[in-house]
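The file coords_7.tsv comes next; it holds TSV, C-alpha atoms.
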chain	number	residue	atom	x	y	z
A	1	MET	CA	-10.64	-22.52	1.73
A	2	LYS	CA	-8.64	-19.48	0.70
A	3	ILE	CA	-9.38	-16.01	2.03
A	4	VAL	CA	-8.64	-12.39	1.22
A	5	ILE	CA	-6.46	-10.54	3.71
A	6	ALA	CA	-6.68	-6.73	3.63
A	7	ILE	CA	-3.93	-4.84	5.45
A	8	ASP	CA	-4.38	-1.08	5.78
A	9	GLY	CA	-2.62	1.58	7.79
A	10	TYR	CA	-0.15	4.43	7.82
A	11	SER	CA	3.20	4.67	6.04
A	12	GLY	CA	6.14	3.32	8.01
A	13	THR	CA	4.13	0.85	10.07
A	14	GLY	CA	5.55	-2.18	8.27
A	15	LYS	CA	2.53	-2.92	6.07
A	16	SER	CA	4.32	-3.97	2.90
A	17	SER	CA	7.10	-6.00	4.56
A	18	THR	CA	4.55	-7.76	6.76
A	19	ALA	CA	2.03	-8.39	3.99
A	20	LYS	CA	4.70	-9.84	1.71
A	21	GLN	CA	5.86	-12.35	4.35
A	22	VAL	CA	2.31	-13.22	5.42
A	23	ALA	CA	1.55	-14.10	1.80
A	24	SER	CA	4.74	-16.18	1.59
A	25	ARG	CA	3.89	-18.12	4.77
A	26	LEU	CA	0.37	-18.89	3.58
A	27	GLY	CA	1.30	-19.56	-0.04
A	28	TYR	CA	-0.83	-16.61	-1.12
A	29	THR	CA	-0.30	-13.91	-3.75
A	30	TYR	CA	0.99	-10.58	-2.44
A	31	ILE	CA	-0.20	-7.36	-4.07
A	32	ASP	CA	1.30	-4.02	-3.04
A	33	SER	CA	-1.48	-1.55	-3.90
A	34	GLY	CA	0.65	1.36	-2.74
A	35	ALA	CA	3.25	0.48	-5.37
A	36	MET	CA	0.55	0.83	-8.01
A	37	TYR	CA	-0.17	4.42	-6.97
A	38	ARG	CA	3.55	5.09	-6.80
A	39	ALA	CA	3.97	3.75	-10.33
A	40	ILE	CA	1.36	6.15	-11.69
A	41	THR	CA	3.02	8.98	-9.75
A	42	TYR	CA	6.37	8.06	-11.27
A	43	PHE	CA	4.73	7.96	-14.72
A	44	PHE	CA	3.51	11.55	-14.27
A	45	LEU	CA	6.93	12.70	-13.03
A	46	LYS	CA	8.81	10.91	-15.82
A	47	ASN	CA	6.59	12.53	-18.45
A	48	ASP	CA	6.74	16.01	-16.87
A	49	ILE	CA	2.99	16.11	-16.33
A	50	ASP	CA	1.91	19.09	-14.22
A	51	PHE	CA	0.39	17.88	-10.94
A	52	GLN	CA	-1.77	21.01	-10.88
A	53	ASN	CA	-3.35	20.11	-14.22
A	54	GLN	CA	-5.75	17.32	-13.34
A	55	SER	CA	-7.32	17.14	-16.79
A	56	VAL	CA	-3.95	16.29	-18.37
A	57	MET	CA	-3.24	13.74	-15.63
A	58	ILE	CA	-6.59	12.06	-16.22
A	59	LYS	CA	-6.20	12.04	-20.02
A	60	SER	CA	-2.80	10.33	-19.70
A	61	LEU	CA	-4.07	7.43	-17.56
A	62	PRO	CA	-4.87	5.12	-20.52
A	63	ASP	CA	-1.16	5.34	-21.43
A	64	CYS	CA	-0.20	3.91	-18.04
A	65	THR	CA	-0.20	0.09	-17.75
A	66	ILE	CA	0.79	-1.55	-14.44
A	67	THR	CA	1.59	-5.25	-14.04
A	68	PHE	CA	3.27	-7.50	-11.47
A	69	ASP	CA	5.72	-10.32	-12.11
A	70	ASN	CA	7.58	-12.36	-9.47
A	71	GLY	CA	6.94	-9.69	-6.84
A	72	SER	CA	8.20	-6.83	-9.01
A	73	ILE	CA	6.10	-4.01	-10.43
A	74	PHE	CA	6.30	-3.00	-14.08
A	75	LEU	CA	5.19	0.28	-15.63
A	76	ASN	CA	4.51	-0.11	-19.37
A	77	GLY	CA	6.81	-3.14	-19.36
A	78	GLN	CA	9.65	-1.51	-17.40
A	79	ASN	CA	10.67	-2.72	-13.93
A	80	VAL	CA	10.27	0.31	-11.63
A	81	ASP	CA	10.86	-1.27	-8.22
A	82	HIS	CA	13.61	1.24	-7.40
A	83	GLU	CA	12.25	4.30	-9.20
A	84	ILE	CA	8.97	4.37	-7.26
A	85	ARG	CA	10.68	4.48	-3.84
A	86	THR	CA	12.37	7.88	-4.15
A	87	MET	CA	11.51	10.89	-1.99
A	88	GLU	CA	10.28	12.68	-5.12
A	89	VAL	CA	7.60	10.02	-5.52
A	90	ASN	CA	6.94	10.01	-1.76
A	91	GLN	CA	6.17	13.72	-1.85
A	92	SER	CA	3.59	13.43	-4.63
A	93	VAL	CA	1.95	10.02	-4.29
A	94	SER	CA	-0.78	11.11	-1.84
A	95	GLN	CA	-1.78	13.94	-4.19
A	96	VAL	CA	-2.06	11.48	-7.07
A	97	SER	CA	-3.91	8.94	-4.91
A	98	ALA	CA	-6.55	11.55	-4.10
A	99	LEU	CA	-7.67	11.70	-7.75
A	100	SER	CA	-10.93	9.75	-8.13
A	101	GLU	CA	-10.08	8.72	-11.69
A	102	VAL	CA	-6.79	7.20	-10.54
A	103	ARG	CA	-8.49	5.33	-7.73
A	104	THR	CA	-11.24	4.03	-10.02
A	105	LYS	CA	-8.66	2.67	-12.48
A	106	LEU	CA	-6.60	0.91	-9.81
A	107	VAL	CA	-9.45	-0.35	-7.59
A	108	GLU	CA	-10.97	-2.10	-10.62
A	109	GLN	CA	-7.63	-3.78	-11.36
A	110	GLN	CA	-7.09	-4.71	-7.69
A	111	ARG	CA	-10.52	-6.34	-7.42
A	112	LYS	CA	-9.82	-8.47	-10.47
A	113	MET	CA	-6.57	-9.59	-8.85
A	114	GLY	CA	-8.47	-10.78	-5.79
A	115	GLU	CA	-11.32	-12.61	-7.50
A	116	GLN	CA	-9.77	-16.05	-6.94
A	117	LYS	CA	-8.94	-15.21	-3.30
A	118	GLY	CA	-5.70	-16.43	-1.73
A	119	VAL	CA	-4.53	-12.82	-1.79
A	120	VAL	CA	-2.81	-10.49	0.70
A	121	MET	CA	-3.12	-6.85	-0.31
A	122	ASP	CA	-1.92	-3.82	1.60
A	123	GLY	CA	-2.77	-0.16	1.20
A	124	ARG	CA	-5.02	2.50	2.65
A	125	ASP	CA	-8.51	1.57	1.47
A	126	ILE	CA	-8.28	-2.20	0.96
A	127	GLY	CA	-10.61	-3.22	3.78
A	128	THR	CA	-12.99	-0.28	3.33
A	129	VAL	CA	-13.26	0.02	-0.47
A	130	VAL	CA	-11.37	-2.59	-2.49
A	131	PHE	CA	-12.36	-5.68	-0.48
A	132	PRO	CA	-15.09	-4.61	1.99
A	133	LYS	CA	-16.01	-8.31	2.41
A	134	ALA	CA	-12.46	-9.53	3.05
A	135	GLU	CA	-12.42	-12.36	5.58
A	136	LEU	CA	-9.55	-10.73	7.51
A	137	LYS	CA	-8.94	-7.00	7.81
A	138	VAL	CA	-5.97	-5.55	9.69
A	139	PHE	CA	-5.19	-1.89	10.39
A	140	MET	CA	-1.58	-1.09	11.32
A	141	THR	CA	-0.45	1.95	13.32
A	142	ALA	CA	2.79	3.05	15.00
A	143	ASN	CA	4.38	6.00	16.78
A	144	MET	CA	5.33	8.79	14.35
A	145	ASP	CA	9.00	8.96	15.43
A	146	ILE	CA	9.33	5.21	14.96
A	147	ARG	CA	7.66	5.39	11.56
A	148	ALA	CA	10.04	8.14	10.42
A	149	GLU	CA	13.11	6.20	11.57
A	150	ARG	CA	11.89	3.08	9.79
A	151	ARG	CA	11.39	5.01	6.57
A	152	ARG	CA	14.87	6.57	6.92
A	153	LYS	CA	16.44	3.11	7.21
A	154	GLU	CA	14.41	1.88	4.25
A	155	LEU	CA	15.61	4.78	2.09
A	156	ASP	CA	19.19	4.37	3.35
A	157	LYS	CA	19.22	0.74	2.17
A	158	LYS	CA	18.28	1.99	-1.27
A	159	GLY	CA	21.14	4.49	-1.21
A	160	ILE	CA	18.83	7.47	-0.67
A	161	ASP	CA	20.02	9.91	2.01
A	162	GLU	CA	17.23	12.07	3.46
A	163	PRO	CA	17.24	14.03	6.75
A	164	LEU	CA	14.97	12.53	9.39
A	165	HIS	CA	13.00	15.78	9.82
A	166	VAL	CA	12.20	15.87	6.09
A	167	ILE	CA	10.95	12.28	6.21
A	168	LYS	CA	8.81	13.02	9.26
A	169	GLU	CA	7.30	16.13	7.63
A	170	ASN	CA	6.50	14.06	4.55
A	171	LEU	CA	4.77	11.36	6.63
A	172	ILE	CA	2.69	13.93	8.51
A	173	GLU	CA	1.60	15.57	5.24
A	174	ARG	CA	0.77	12.21	3.66
A	175	ASP	CA	-1.33	11.27	6.69
A	176	ARG	CA	-3.22	14.55	6.37
A	177	ILE	CA	-3.93	14.15	2.67
A	178	ASP	CA	-4.76	10.43	2.87
A	179	SER	CA	-7.12	10.84	5.83
A	180	SER	CA	-8.95	13.91	4.53
A	181	ARG	CA	-9.43	13.09	0.84
A	182	LYS	CA	-13.05	12.79	-0.31
A	183	ASP	CA	-12.60	9.58	-2.27
A	184	SER	CA	-11.72	6.49	-0.19
A	185	PRO	CA	-9.98	8.20	2.76
A	186	LEU	CA	-7.56	6.30	4.95
A	187	LYS	CA	-9.55	4.94	7.89
A	188	MET	CA	-9.93	1.73	9.82
A	189	ALA	CA	-12.79	-0.54	8.76
A	190	ASP	CA	-15.33	-1.20	11.51
A	191	ASP	CA	-14.50	-4.92	11.53
A	192	ALA	CA	-10.70	-4.55	11.25
A	193	LYS	CA	-8.21	-5.72	13.87
A	194	GLU	CA	-5.86	-2.92	14.93
A	195	ILE	CA	-2.19	-3.70	15.47
A	196	ASP	CA	0.21	-1.13	16.91
A	197	THR	CA	3.62	-2.10	15.52
A	198	SER	CA	5.65	0.49	17.47
A	199	HIS	CA	7.34	-2.11	19.64
A	200	LEU	CA	6.88	-5.25	17.55
A	201	THR	CA	9.54	-6.92	15.47
A	202	LEU	CA	8.73	-7.76	11.86
A	203	ASN	CA	8.43	-11.45	12.76
A	204	GLN	CA	6.02	-10.65	15.58
A	205	GLN	CA	3.84	-8.67	13.18
A	206	ILE	CA	3.86	-11.52	10.69
A	207	ASP	CA	3.11	-14.13	13.37
A	208	LYS	CA	0.11	-12.17	14.65
A	209	ILE	CA	-1.53	-11.86	11.24
A	210	VAL	CA	-0.76	-15.43	10.16
A	211	GLU	CA	-2.32	-16.66	13.42
A	212	MET	CA	-5.44	-14.59	12.77
A	213	ALA	CA	-5.68	-15.87	9.20
A	214	GLU	CA	-5.19	-19.52	10.14
A	215	SER	CA	-7.90	-19.31	12.81
A	216	ILE	CA	-10.35	-18.12	10.14
A	217	ILE	CA	-9.21	-20.69	7.59
A	218	TYR	CA	-9.38	-23.60	10.05
A	219	ALA	CA	-12.74	-22.48	11.45
A	220	SER	CA	-14.23	-22.64	7.95
A	221	ARG	CA	-13.24	-26.32	7.70
A	222	ASP	CA	-15.17	-27.38	10.80
In structure tokens, what does this structure look like?
Amino acid sequence: MKIVIAIDGYSGTGKSSTAKQVASRLGYTYIDSGAMYRAITYFFLKNDIDFQNQSVMIKSLPDCTITFDNGSIFLNGQNVDHEIRTMEVNQSVSQVSALSEVRTKLVEQQRKMGEQKGVVMDGRDIGTVVFPKAELKVFMTANMDIRAERRRKELDKKGIDEPLHVIKENLIERDRIDSSRKDSPLKMADDAKEIDTSHLTLNQQIDKIVEMAESIIYASRD
């Protein structure tokens, strides 16, 4: 039996890195839902679409096609793995994610991706909205200072130099927007397992979730 694993939580808690390796260990498909919102944000930025003009943003959505191939994300056929990880995208993605029309478009696509199960998807509303019946739901948290430092290192590896205080301010603002939006706010599902990753290594995070998943998979065989 294959299951759906929904991993939600805050930025900088290790969601994407963990989810990707959990999927690899289990032989599942990994889907980075956050990258999908980032891709649409990048599309708006690239086309100089005014973030204050929601009607124009909404009208342009049909011109935005997102696909995955071998773990990479493509926007209208172009690989945008690097472009979607800039601070410019970071500063606008929560605003874009708050648009109901954007969420409707992507949630529909995400659900189709998970129809055959055997999927690990991470984001902010996976266990509450996209896959409310997922067999395993995980919610990841971590100390803010640790989250900011992790994000700084992540950006540094990509050759992006940002002051730590700017990164921290961005994370705080994203938390505020994500948690207070009307449509699909960031929150922990009632039946989710919370994992504080502040003092866990990446391998420890992966091991915990794989162990949880295997216990569910094996129990279904009995």
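One finds atom CA of Lys182 of chain A at 18.0 Å from atom CA of Gly34 of chain A.
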Problem - Close residues, Asn90 of chain A itself excluded, 12 Å, all atoms listed in the file, min 6 positions apart in chain, as a PyMOL selection string - result: chain A and resi 11-12+34-35+37-39+41-42+45+83-84+96-97+151+155+162+166-175
Restricting it to C-alpha atoms, dump the selection as a PDB file, keeping the file's coordinate frame.
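Okay, again.pdb is ready:
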ATOM      1  CA  SER A  11       3.200   4.670   6.040  1.00  0.00           C
ATOM      2  CA  GLY A  12       6.140   3.320   8.010  1.00  0.00           C
ATOM      3  CA  GLY A  34       0.650   1.360  -2.740  1.00  0.00           C
ATOM      4  CA  ALA A  35       3.250   0.480  -5.370  1.00  0.00           C
ATOM      5  CA  TYR A  37      -0.170   4.420  -6.970  1.00  0.00           C
ATOM      6  CA  ARG A  38       3.550   5.090  -6.800  1.00  0.00           C
ATOM      7  CA  ALA A  39       3.970   3.750 -10.330  1.00  0.00           C
ATOM      8  CA  THR A  41       3.020   8.980  -9.750  1.00  0.00           C
ATOM      9  CA  TYR A  42       6.370   8.060 -11.270  1.00  0.00           C
ATOM     10  CA  LEU A  45       6.930  12.700 -13.030  1.00  0.00           C
ATOM     11  CA  GLU A  83      12.250   4.300  -9.200  1.00  0.00           C
ATOM     12  CA  ILE A  84       8.970   4.370  -7.260  1.00  0.00           C
ATOM     13  CA  VAL A  96      -2.060  11.480  -7.070  1.00  0.00           C
ATOM     14  CA  SER A  97      -3.910   8.940  -4.910  1.00  0.00           C
ATOM     15  CA  ARG A 151      11.390   5.010   6.570  1.00  0.00           C
ATOM     16  CA  LEU A 155      15.610   4.780   2.090  1.00  0.00           C
ATOM     17  CA  GLU A 162      17.230  12.070   3.460  1.00  0.00           C
ATOM     18  CA  VAL A 166      12.200  15.870   6.090  1.00  0.00           C
ATOM     19  CA  ILE A 167      10.950  12.280   6.210  1.00  0.00           C
ATOM     20  CA  LYS A 168       8.810  13.020   9.260  1.00  0.00           C
ATOM     21  CA  GLU A 169       7.300  16.130   7.630  1.00  0.00           C
ATOM     22  CA  ASN A 170       6.500  14.060   4.550  1.00  0.00           C
ATOM     23  CA  LEU A 171       4.770  11.360   6.630  1.00  0.00           C
ATOM     24  CA  ILE A 172       2.690  13.930   8.510  1.00  0.00           C
ATOM     25  CA  GLU A 173       1.600  15.570   5.240  1.00  0.00           C
ATOM     26  CA  ARG A 174       0.770  12.210   3.660  1.00  0.00           C
ATOM     27  CA  ASP A 175      -1.330  11.270   6.690  1.00  0.00           C
TER      28      ASP A 175
END
Exercise for the section: Would you please work out which residue, of A:Val129, A:Ala148, A:Ile206, A:Ala19, is nearest to His165 of chain A when using only C-alpha atoms? Expected result: A:Ala148
Exercise for the section: Find the residues around Glu194 of chain A up to 10 Å (all atoms listed in the file counted), leave out those fewer than 4 positions away in its own chain, and share them as a PyMOL selection string. Expected result: chain A and resi 7-9+137-141+188-189
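Selecting by distance to (-4.4, -1.8, -3.3) with a limit of 9 Å and using only C-alpha atoms, one obtains Ala6, Ile31, Asp32, Ser33, Gly34, Ala35, Met36, Tyr37, Leu106, Val107, Gln109, Gln110, Arg111, Met121, Asp122, Gly123, Arg124, Asp125, Ile126 and Val130 of chain A.
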Problem - Atom-to-atom span, atom CA of Glu115 of chain A and atom CA of Leu75 of chain A, Å - result: 22.5 Å
Problem - Proximity to Arg85 of chain A - best of A:Ile66, A:Ile73, A:Asp178, A:Gly14, only C-alpha atoms - result: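 That would be A:Ile73, the residue with the smallest distance to Arg85 of chain A.
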Handout entry: For atom CA of Pro62 of chain A and atom CA of Val93 of chain A, the interatomic separation in Å (one decimal)
Key = 18.3 Å
Output segment 88-130 of chain A from the block with N, CA and C atoms, as a PDB file, in the first residue's frame?
ATOM      1  N   GLU A  88      14.052  38.444  -3.920  1.00  0.00           N
ATOM      2  CA  GLU A  88      12.953  39.187  -4.549  1.00  0.00           C
ATOM      3  C   GLU A  88      11.688  38.328  -4.567  1.00  0.00           C
ATOM      4  N   VAL A  89      11.852  37.061  -4.889  1.00  0.00           N
ATOM      5  CA  VAL A  89      10.714  36.139  -4.870  1.00  0.00           C
ATOM      6  C   VAL A  89      10.275  35.890  -3.423  1.00  0.00           C
ATOM      7  N   ASN A  90      11.253  35.702  -2.527  1.00  0.00           N
ATOM      8  CA  ASN A  90      10.935  35.483  -1.112  1.00  0.00           C
ATOM      9  C   ASN A  90      10.031  36.576  -0.558  1.00  0.00           C
ATOM     10  N   GLN A  91      10.300  37.807  -0.945  1.00  0.00           N
ATOM     11  CA  GLN A  91       9.589  38.943  -0.385  1.00  0.00           C
ATOM     12  C   GLN A  91       8.173  39.096  -0.917  1.00  0.00           C
ATOM     13  N   SER A  92       7.849  38.391  -1.999  1.00  0.00           N
ATOM     14  CA  SER A  92       6.521  38.551  -2.607  1.00  0.00           C
ATOM     15  C   SER A  92       5.672  37.288  -2.617  1.00  0.00           C
ATOM     16  N   VAL A  93       6.283  36.145  -2.363  1.00  0.00           N
ATOM     17  CA  VAL A  93       5.561  34.879  -2.549  1.00  0.00           C
ATOM     18  C   VAL A  93       4.357  34.725  -1.611  1.00  0.00           C
ATOM     19  N   SER A  94       4.457  35.205  -0.374  1.00  0.00           N
ATOM     20  CA  SER A  94       3.323  35.072   0.545  1.00  0.00           C
ATOM     21  C   SER A  94       2.141  35.920   0.089  1.00  0.00           C
ATOM     22  N   GLN A  95       2.428  37.075  -0.486  1.00  0.00           N
ATOM     23  CA  GLN A  95       1.383  37.945  -1.012  1.00  0.00           C
ATOM     24  C   GLN A  95       0.658  37.268  -2.174  1.00  0.00           C
ATOM     25  N   VAL A  96       1.428  36.625  -3.042  1.00  0.00           N
ATOM     26  CA  VAL A  96       0.847  35.907  -4.174  1.00  0.00           C
ATOM     27  C   VAL A  96       0.065  34.688  -3.689  1.00  0.00           C
ATOM     28  N   SER A  97       0.610  33.986  -2.694  1.00  0.00           N
ATOM     29  CA  SER A  97      -0.033  32.784  -2.170  1.00  0.00           C
ATOM     30  C   SER A  97      -1.377  33.084  -1.510  1.00  0.00           C
ATOM     31  N   ALA A  98      -1.559  34.317  -1.083  1.00  0.00           N
ATOM     32  CA  ALA A  98      -2.803  34.693  -0.403  1.00  0.00           C
ATOM     33  C   ALA A  98      -3.964  34.879  -1.381  1.00  0.00           C
ATOM     34  N   LEU A  99      -3.678  34.955  -2.670  1.00  0.00           N
ATOM     35  CA  LEU A  99      -4.737  35.128  -3.668  1.00  0.00           C
ATOM     36  C   LEU A  99      -5.511  33.817  -3.846  1.00  0.00           C
ATOM     37  N   SER A 100      -6.812  33.863  -3.630  1.00  0.00           N
ATOM     38  CA  SER A 100      -7.643  32.658  -3.730  1.00  0.00           C
ATOM     39  C   SER A 100      -7.563  32.017  -5.108  1.00  0.00           C
ATOM     40  N   GLU A 101      -7.519  32.841  -6.138  1.00  0.00           N
ATOM     41  CA  GLU A 101      -7.479  32.317  -7.505  1.00  0.00           C
ATOM     42  C   GLU A 101      -6.193  31.544  -7.768  1.00  0.00           C
ATOM     43  N   VAL A 102      -5.086  32.017  -7.199  1.00  0.00           N
ATOM     44  CA  VAL A 102      -3.809  31.316  -7.332  1.00  0.00           C
ATOM     45  C   VAL A 102      -3.884  29.978  -6.600  1.00  0.00           C
ATOM     46  N   ARG A 103      -4.421  30.002  -5.403  1.00  0.00           N
ATOM     47  CA  ARG A 103      -4.502  28.779  -4.609  1.00  0.00           C
ATOM     48  C   ARG A 103      -5.423  27.754  -5.276  1.00  0.00           C
ATOM     49  N   THR A 104      -6.533  28.217  -5.825  1.00  0.00           N
ATOM     50  CA  THR A 104      -7.467  27.306  -6.499  1.00  0.00           C
ATOM     51  C   THR A 104      -6.783  26.607  -7.670  1.00  0.00           C
ATOM     52  N   LYS A 105      -6.046  27.379  -8.459  1.00  0.00           N
ATOM     53  CA  LYS A 105      -5.339  26.825  -9.627  1.00  0.00           C
ATOM     54  C   LYS A 105      -4.336  25.752  -9.200  1.00  0.00           C
ATOM     55  N   LEU A 106      -3.538  26.057  -8.167  1.00  0.00           N
ATOM     56  CA  LEU A 106      -2.469  25.140  -7.780  1.00  0.00           C
ATOM     57  C   LEU A 106      -2.969  23.954  -6.966  1.00  0.00           C
ATOM     58  N   VAL A 107      -3.955  24.173  -6.092  1.00  0.00           N
ATOM     59  CA  VAL A 107      -4.495  23.058  -5.297  1.00  0.00           C
ATOM     60  C   VAL A 107      -5.095  21.997  -6.215  1.00  0.00           C
ATOM     61  N   GLU A 108      -5.796  22.432  -7.254  1.00  0.00           N
ATOM     62  CA  GLU A 108      -6.373  21.483  -8.214  1.00  0.00           C
ATOM     63  C   GLU A 108      -5.274  20.649  -8.873  1.00  0.00           C
ATOM     64  N   GLN A 109      -4.182  21.302  -9.262  1.00  0.00           N
ATOM     65  CA  GLN A 109      -3.065  20.597  -9.895  1.00  0.00           C
ATOM     66  C   GLN A 109      -2.385  19.661  -8.908  1.00  0.00           C
ATOM     67  N   GLN A 110      -2.218  20.112  -7.661  1.00  0.00           N
ATOM     68  CA  GLN A 110      -1.566  19.297  -6.635  1.00  0.00           C
ATOM     69  C   GLN A 110      -2.377  18.043  -6.320  1.00  0.00           C
ATOM     70  N   ARG A 111      -3.685  18.185  -6.252  1.00  0.00           N
ATOM     71  CA  ARG A 111      -4.539  17.014  -5.975  1.00  0.00           C
ATOM     72  C   ARG A 111      -4.445  15.980  -7.079  1.00  0.00           C
ATOM     73  N   LYS A 112      -4.365  16.434  -8.311  1.00  0.00           N
ATOM     74  CA  LYS A 112      -4.219  15.504  -9.432  1.00  0.00           C
ATOM     75  C   LYS A 112      -2.904  14.735  -9.327  1.00  0.00           C
ATOM     76  N   MET A 113      -1.857  15.443  -8.879  1.00  0.00           N
ATOM     77  CA  MET A 113      -0.551  14.813  -8.724  1.00  0.00           C
ATOM     78  C   MET A 113      -0.574  13.706  -7.672  1.00  0.00           C
ATOM     79  N   GLY A 114      -1.458  13.836  -6.693  1.00  0.00           N
ATOM     80  CA  GLY A 114      -1.493  12.869  -5.601  1.00  0.00           C
ATOM     81  C   GLY A 114      -2.537  11.781  -5.732  1.00  0.00           C
ATOM     82  N   GLU A 115      -3.236  11.747  -6.845  1.00  0.00           N
ATOM     83  CA  GLU A 115      -4.327  10.778  -7.006  1.00  0.00           C
ATOM     84  C   GLU A 115      -3.863   9.330  -6.901  1.00  0.00           C
ATOM     85  N   GLN A 116      -2.669   9.041  -7.402  1.00  0.00           N
ATOM     86  CA  GLN A 116      -2.168   7.660  -7.383  1.00  0.00           C
ATOM     87  C   GLN A 116      -1.435   7.321  -6.090  1.00  0.00           C
ATOM     88  N   LYS A 117      -1.387   8.274  -5.166  1.00  0.00           N
ATOM     89  CA  LYS A 117      -0.674   8.125  -3.891  1.00  0.00           C
ATOM     90  C   LYS A 117       0.833   7.911  -4.131  1.00  0.00           C
ATOM     91  N   GLY A 118       1.551   7.471  -3.093  1.00  0.00           N
ATOM     92  CA  GLY A 118       2.992   7.352  -3.240  1.00  0.00           C
ATOM     93  C   GLY A 118       3.628   8.705  -3.448  1.00  0.00           C
ATOM     94  N   VAL A 119       3.103   9.725  -2.707  1.00  0.00           N
ATOM     95  CA  VAL A 119       3.530  11.096  -2.892  1.00  0.00           C
ATOM     96  C   VAL A 119       3.934  11.721  -1.558  1.00  0.00           C
ATOM     97  N   VAL A 120       4.998  12.512  -1.574  1.00  0.00           N
ATOM     98  CA  VAL A 120       5.381  13.341  -0.431  1.00  0.00           C
ATOM     99  C   VAL A 120       5.296  14.785  -0.910  1.00  0.00           C
ATOM    100  N   MET A 121       4.436  15.575  -0.283  1.00  0.00           N
ATOM    101  CA  MET A 121       4.274  16.963  -0.688  1.00  0.00           C
ATOM    102  C   MET A 121       4.445  17.865   0.517  1.00  0.00           C
ATOM    103  N   ASP A 122       5.212  18.940   0.335  1.00  0.00           N
ATOM    104  CA  ASP A 122       5.389  19.873   1.448  1.00  0.00           C
ATOM    105  C   ASP A 122       4.856  21.249   1.078  1.00  0.00           C
ATOM    106  N   GLY A 123       4.442  21.987   2.105  1.00  0.00           N
ATOM    107  CA  GLY A 123       3.895  23.317   1.878  1.00  0.00           C
ATOM    108  C   GLY A 123       3.364  23.915   3.159  1.00  0.00           C
ATOM    109  N   ARG A 124       2.236  24.619   3.043  1.00  0.00           N
ATOM    110  CA  ARG A 124       1.641  25.267   4.200  1.00  0.00           C
ATOM    111  C   ARG A 124       0.198  24.857   4.448  1.00  0.00           C
ATOM    112  N   ASP A 125      -0.427  24.252   3.434  1.00  0.00           N
ATOM    113  CA  ASP A 125      -1.828  23.848   3.594  1.00  0.00           C
ATOM    114  C   ASP A 125      -2.062  22.439   3.047  1.00  0.00           C
ATOM    115  N   ILE A 126      -1.005  21.635   3.010  1.00  0.00           N
ATOM    116  CA  ILE A 126      -1.123  20.309   2.387  1.00  0.00           C
ATOM    117  C   ILE A 126      -2.015  19.382   3.221  1.00  0.00           C
ATOM    118  N   GLY A 127      -1.767  19.352   4.531  1.00  0.00           N
ATOM    119  CA  GLY A 127      -2.554  18.471   5.391  1.00  0.00           C
ATOM    120  C   GLY A 127      -3.925  19.014   5.747  1.00  0.00           C
ATOM    121  N   THR A 128      -4.120  20.321   5.601  1.00  0.00           N
ATOM    122  CA  THR A 128      -5.411  20.929   5.950  1.00  0.00           C
ATOM    123  C   THR A 128      -6.332  21.108   4.753  1.00  0.00           C
ATOM    124  N   VAL A 129      -5.759  21.375   3.569  1.00  0.00           N
ATOM    125  CA  VAL A 129      -6.590  21.693   2.400  1.00  0.00           C
ATOM    126  C   VAL A 129      -6.353  20.753   1.215  1.00  0.00           C
ATOM    127  N   VAL A 130      -5.100  20.585   0.807  1.00  0.00           N
ATOM    128  CA  VAL A 130      -4.821  19.802  -0.395  1.00  0.00           C
ATOM    129  C   VAL A 130      -5.137  18.328  -0.188  1.00  0.00           C
TER     130      VAL A 130
END
